[in-house]
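Chemist: So that you have it, the file is upload05.cif, and it contains mmCIF, N, CA and C atoms:
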data_target
loop_
_atom_site.group_PDB
_atom_site.id
_atom_site.type_symbol
_atom_site.label_atom_id
_atom_site.label_comp_id
_atom_site.auth_asym_id
_atom_site.auth_seq_id
_atom_site.Cartn_x
_atom_site.Cartn_y
_atom_site.Cartn_z
ATOM 1 N N MET O 1 31.885 -4.305 20.093
ATOM 2 C CA MET O 1 30.901 -4.925 19.198
ATOM 3 C C MET O 1 31.429 -6.275 18.706
ATOM 4 N N SER O 2 30.580 -7.265 18.736
ATOM 5 C CA SER O 2 30.994 -8.587 18.262
ATOM 6 C C SER O 2 30.727 -8.716 16.759
ATOM 7 N N HIS O 3 31.422 -9.638 16.135
ATOM 8 C CA HIS O 3 31.257 -9.840 14.690
ATOM 9 C C HIS O 3 29.827 -10.277 14.366
ATOM 10 N N THR O 4 29.241 -11.113 15.234
ATOM 11 C CA THR O 4 27.879 -11.594 14.988
ATOM 12 C C THR O 4 26.890 -10.442 14.974
ATOM 13 N N PHE O 5 27.071 -9.482 15.889
ATOM 14 C CA PHE O 5 26.154 -8.338 15.938
ATOM 15 C C PHE O 5 26.234 -7.540 14.649
ATOM 16 N N LEU O 6 27.445 -7.358 14.116
ATOM 17 C CA LEU O 6 27.608 -6.596 12.872
ATOM 18 C C LEU O 6 26.911 -7.315 11.721
ATOM 19 N N VAL O 7 27.020 -8.647 11.694
ATOM 20 C CA VAL O 7 26.388 -9.412 10.606
ATOM 21 C C VAL O 7 24.867 -9.281 10.692
ATOM 22 N N VAL O 8 24.321 -9.420 11.893
ATOM 23 C CA VAL O 8 22.863 -9.316 12.067
ATOM 24 C C VAL O 8 22.391 -7.910 11.718
ATOM 25 N N ALA O 9 23.119 -6.895 12.171
ATOM 26 C CA ALA O 9 22.738 -5.510 11.874
ATOM 27 C C ALA O 9 22.780 -5.266 10.362
ATOM 28 N N GLY O 10 23.797 -5.814 9.699
ATOM 29 C CA GLY O 10 23.911 -5.635 8.248
ATOM 30 C C GLY O 10 22.743 -6.287 7.515
ATOM 31 N N LEU O 11 22.340 -7.481 7.955
ATOM 32 C CA LEU O 11 21.220 -8.169 7.313
ATOM 33 C C LEU O 11 19.926 -7.382 7.523
ATOM 34 N N LEU O 12 19.748 -6.818 8.725
ATOM 35 C CA LEU O 12 18.536 -6.034 9.000
ATOM 36 C C LEU O 12 18.486 -4.807 8.101
ATOM 37 N N VAL O 13 19.634 -4.144 7.938
ATOM 38 C CA VAL O 13 19.683 -2.951 7.086
ATOM 39 C C VAL O 13 19.368 -3.324 5.643
ATOM 40 N N LEU O 14 19.943 -4.423 5.160
ATOM 41 C CA LEU O 14 19.678 -4.851 3.789
ATOM 42 C C LEU O 14 18.203 -5.187 3.602
ATOM 43 N N PHE O 15 17.609 -5.835 4.617
ATOM 44 C CA PHE O 15 16.196 -6.195 4.523
ATOM 45 C C PHE O 15 15.331 -4.942 4.481
ATOM 46 N N MET O 16 15.679 -3.928 5.286
ATOM 47 C CA MET O 16 14.906 -2.680 5.304
ATOM 48 C C MET O 16 15.023 -1.972 3.960
ATOM 49 N N ILE O 17 16.222 -1.951 3.380
ATOM 50 C CA ILE O 17 16.420 -1.304 2.080
ATOM 51 C C ILE O 17 15.619 -2.049 1.011
ATOM 52 N N PHE O 18 15.653 -3.386 1.048
ATOM 53 C CA PHE O 18 14.916 -4.197 0.078
ATOM 54 C C PHE O 18 13.414 -3.933 0.191
ATOM 55 N N SER O 19 12.923 -3.800 1.428
ATOM 56 C CA SER O 19 11.505 -3.527 1.641
ATOM 57 C C SER O 19 11.134 -2.155 1.075
ATOM 58 N N LEU O 20 11.992 -1.169 1.297
ATOM 59 C CA LEU O 20 11.721 0.179 0.779
ATOM 60 C C LEU O 20 11.679 0.154 -0.744
ATOM 61 N N ILE O 21 12.593 -0.594 -1.369
ATOM 62 C CA ILE O 21 12.614 -0.686 -2.830
ATOM 63 C C ILE O 21 11.319 -1.320 -3.329
ATOM 64 N N ARG O 22 10.871 -2.366 -2.632
ATOM 65 C CA ARG O 22 9.628 -3.023 -3.060
ATOM 66 C C ARG O 22 8.432 -2.082 -2.917
ATOM 67 N N ILE O 23 8.431 -1.264 -1.860
ATOM 68 C CA ILE O 23 7.333 -0.313 -1.658
ATOM 69 C C ILE O 23 7.338 0.724 -2.778
ATOM 70 N N VAL O 24 8.531 1.216 -3.121
ATOM 71 C CA VAL O 24 8.633 2.227 -4.183
ATOM 72 C C VAL O 24 8.202 1.626 -5.518
ATOM 73 N N LEU O 25 8.673 0.404 -5.812
ATOM 74 C CA LEU O 25 8.288 -0.242 -7.069
ATOM 75 C C LEU O 25 6.785 -0.519 -7.083
ATOM 76 N N GLY O 26 6.241 -0.904 -5.929
ATOM 77 C CA GLY O 26 4.813 -1.195 -5.853
ATOM 78 C C GLY O 26 3.980 0.054 -6.084
ATOM 79 N N ALA O 27 4.500 1.211 -5.679
ATOM 80 C CA ALA O 27 3.750 2.458 -5.833
ATOM 81 C C ALA O 27 3.814 2.950 -7.276
ATOM 82 N N THR O 28 4.904 2.583 -7.987
ATOM 83 C CA THR O 28 5.068 3.100 -9.344
ATOM 84 C C THR O 28 4.677 2.066 -10.399
ATOM 85 N N THR O 29 5.126 0.803 -10.193
ATOM 86 C CA THR O 29 4.821 -0.241 -11.177
ATOM 87 C C THR O 29 4.332 -1.498 -10.467
ATOM 88 N N PRO O 30 3.052 -1.534 -10.056
ATOM 89 C CA PRO O 30 2.512 -2.679 -9.325
ATOM 90 C C PRO O 30 2.581 -3.979 -10.116
ATOM 91 N N ASP O 31 2.419 -3.911 -11.425
ATOM 92 C CA ASP O 31 2.421 -5.136 -12.228
ATOM 93 C C ASP O 31 3.761 -5.856 -12.123
ATOM 94 N N ARG O 32 4.857 -5.087 -12.118
ATOM 95 C CA ARG O 32 6.183 -5.702 -12.073
ATOM 96 C C ARG O 32 6.395 -6.401 -10.726
ATOM 97 N N VAL O 33 5.946 -5.778 -9.647
ATOM 98 C CA VAL O 33 6.128 -6.376 -8.318
ATOM 99 C C VAL O 33 5.317 -7.662 -8.207
ATOM 100 N N VAL O 34 4.108 -7.671 -8.739
ATOM 101 C CA VAL O 34 3.277 -8.870 -8.687
ATOM 102 C C VAL O 34 3.940 -9.990 -9.490
ATOM 103 N N ALA O 35 4.575 -9.646 -10.604
ATOM 104 C CA ALA O 35 5.238 -10.652 -11.429
ATOM 105 C C ALA O 35 6.415 -11.259 -10.674
ATOM 106 N N LEU O 36 7.124 -10.428 -9.878
ATOM 107 C CA LEU O 36 8.264 -10.939 -9.109
ATOM 108 C C LEU O 36 7.788 -11.905 -8.030
ATOM 109 N N ASP O 37 6.616 -11.618 -7.461
ATOM 110 C CA ASP O 37 6.102 -12.508 -6.425
ATOM 111 C C ASP O 37 5.681 -13.833 -7.065
#
Take the structure in the file and give it back as structure tokens.

Modeler:
Amino acid sequence: MSHTFLVVAGLLVLFMIFSLIRIVLGATTPDRVVALD
């Protein structure tokens, strides 16, 4: 495995986690998510 692949994979994982958090926040507190946008 190359270092570049690990960096790209790490960024993809972080992006997926961030998206899941936004979905959860959007389902529970839509007003807060809209304010962040």

Chemist: Can you tell me how far atom CA of Gly26 of chain O sits from atom C of Ala9 of chain O, in Å to one decimal?

Modeler: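 Taking atom CA of Gly26 of chain O as the start and atom C of Ala9 of chain O as the end point, the length is 24.5 Å.
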
Chemist: Atom CA of Phe18 of chain O and atom C of Ser2 of chain O, how far apart in Å?

Modeler: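 It comes out at 23.4 Å.
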
Chemist: What is the distance between atom CA of Ala27 of chain O and atom CA of Gly10 of chain O, in Å to one decimal?

Modeler: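 Atom-to-atom, atom CA of Ala27 of chain O and atom CA of Gly10 of chain O are spaced 25.9 Å apart.
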